[in-house]
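Down below is the structure, laid out as structure tokens.
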Amino acid sequence: MIHRPTAEPHGNRKDFDNIKRLLPYIWDFKGRVMLALSCLILSKIAIVGMPLVLKEIVDDLDSKQLLENTMLTLPLLLLLGYGALRLMASLFNELRDAIFSRVRYHAMRGISRRVLKHLYSLSLSYHLDRKTGGITRDLERGTNSLSSILNYLVFNIFPTAIEFTFVAIILLGKYEPRFAIVTFVTVAFYIGFTLLVTNWRMHYRHEMNNLESKANSYAVDGMLNYETVKYFSNENFELQQYDETLDKWEGAAVKSQVSMSALNFGQGAVIAVGVTMMMVYAAQGVVDGTMTLGDLVLVNTMMLQLFIPLNFLGIIYRALKYALADMDMMLKLLDTEQTIKDKPGAKELVVTDAVVRFDNVSFDYSSDRQILRDVSFEIPHARKVAVVGPSGAGKSTLARLLFRFYDVDSGAITIDGQDLRDVTQQSLRRNIGIVPQDTVLFNHSIEHNIRYAKLDATEEEIQRAARHANIHDFIVSLPDGYQTIVGERGLKLSGGEKQRIAIARVILKNPRILVFDEATSSLDSHSEQQILEALKQVAEKHTTLVIAHRLSTIIDADNIVVLDKGRIAEQGTHQQLLAKEGLYSYLWQLQQEEENSE
């Protein structure tokens, strides 16, 4: 069984490998990346240059004040240079952001598209087991985390490293080694303390993510099943399980915040000690005459300039760890393996006569759930074969296997002699149309839902299909006609209306092979007869598989296959099966009695 990804302890993840997986999305615009990095370096040069110019300004003013009877003049060029450096720092920072924006948003678009494409490629079994709300939340957080990671790496971590390098070079080149030593030791203590405490408190964030996804799953699941909740008056139950999960989330969030406050205080203490020691050494140098007031200002300004981004680096490091945790959940979606995929060199399905054959097909959803055993029958060209049987006999599973939502455990399903596993899934599904038992529509217009079968269809073709499905008159009677929005999963329409739209959709697709999975189960008798007549006309030149519950709808079938507990109990025409007085005859009598009583 496939399970939705959940947060795992950080030590079990390969964050470096995850970051490497992002590089192809960034490298699509390598020219922009290099230009943005160049702007970044120029910006840092300007920022580090400002304290140097400020030192010269202070020393220049101080020396002139010491000279008696000398008029004090402004060091205008130095002041203009200082202003120019500030302007350059701002300009190159903004240029970096503007240039890199295309890279960042392109990467977000690329990873989002890839994840969604991968979700579409996963088997039906995965989607039956998944929690929609949890997956959408993981996908949303993962996409946002990609943007955050790029911002942190390119705009914070790398710039801080460059600035630290420039400061170290200046301190080692101009002053005693003790200034550089204090800087290195302070930074080392700061980074070590941040790493230690942040790694300790990361499990609170993982717990928060897991509980948030769980709560979101409850909320989305309840909304999708709104009518069921109302039918059973279970609003309080849904709210209770949602609130209980949020209560646990609240506890984890409080612990996370308290531990973060402790971390922030510790970081502030390390910075305070380091800056104080630097100022003591610098002030002593001024008293001893080995340093000027300008040097004191330079050291102080550089330290403050360095520790301002370094202080944010602690927040950024934590945020980066959170973003990596969020992204890891999304990447685990990408790591989910496809159980149904095209084999290497799979060919396009070539349909000539559209003869479908089930040859000794056996299939189980799981080891403890037997569904089909040695099922063999053929649907000849342009013929109609019906499959009937008690509930749970495996009827609908045949349609899922024909669409290759699952692969058979043994045996084979062929179309014109071509094994479904040897052809591409796209070409297979292009040639099959289905009217399912439970029709689900997009929350869009009626026209959009019909056109979905043929995206380039004209309005005339759509209306012709709707007329064949006996739904056109109903649609034009609506205030918005074909532009009427059907609501989430088609909730604004009745079951029969939804099913007729599904029939119109398959008529528009006009495939060589048709599958009707209890296609009239939601219709009244009058509508059923009208649609059965329409389906009969549509299916005249098509190979048709009908999965039926009402036996009265398939008495004209060329062959009727009766399933019982996953095996073929009997098969033949309607009259032949009645004459056998077997399972089919028994089911027929039951339904006749039900109809008579109604």
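Going through the structure tokens in order, the chains are called A, B, and so on, while each chain numbers its residues from 1 and the ligands are numbered from 1 in the order shown.
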Checklist entry - So which residues of range 419-476 of chain A fall under alpha helix (DSSP H) by DSSP, listed as a VMD selection string? => result chain A and resid 425 to 430 446 to 451 459 to 468 472 to 476
Next on the checklist: Please list as number ranges by chain every residue within 12 Å of range 217-231 of chain A, counting only C-alpha atoms and excluding residues in the same chain fewer than 5 positions away.
Outcome noted: A: 4, 130-138, 210-212, 236-246, 440, 487-492
Checklist entry - Suppose you want the space between CA of Thr439 in chain A and CA of Arg114 in chain A; what is it in Å? => result 27.7 Å
Checklist entry - Could you work out how far CA of Leu331 in chain A lies from CA of Lys343 in chain A, giving the answer in Å with one decimal? => result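 Taking CA of Lys343 in chain A as the start and CA of Leu331 in chain A as the end point, the length is 24.1 Å.
Distance check against Ala46 in chain A using only C-alpha atoms: of A:Ser90, A:Thr186, A:Thr573, A:Thr544, the minimum falls on A:Ser90.
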Checklist entry - Mind pulling up the distance from CA of Asn431 in chain A to CA of Asn360 in chain A? => result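 The value is 23.0 Å.
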Checklist entry - What's the 10 Å shell around Arg86 in chain A, counting only C-alpha atoms, without same-chain residues fewer than 6 positions away, as a ChimeraX atom specification? => result /A:43,46-47,49-50,80
Restricting the output to C-alpha atoms, write the selected residues as a compact mmCIF listing (two decimals), in the first residue's frame.
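Writing done, so here's out-v1.txt:
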```txt
# COMPACT_ATOMS: atom_id res chain seq x y z
CA SER A 43 27.13 45.43 -3.76
CA ALA A 46 30.45 48.95 -1.88
CA ILE A 47 29.17 47.99 1.59
CA GLY A 49 34.11 50.17 1.26
CA MET A 50 31.82 52.50 3.25
CA LEU A 80 30.61 62.36 -1.95
```
Checklist entry - Hey, what's within 12 Å of Lys255 in chain A if we count only C-alpha atoms and toss same-chain stuff fewer than 3 positions away? As a ChimeraX atom specification, please? => result /A:200-205,207-208,248-252,258-262
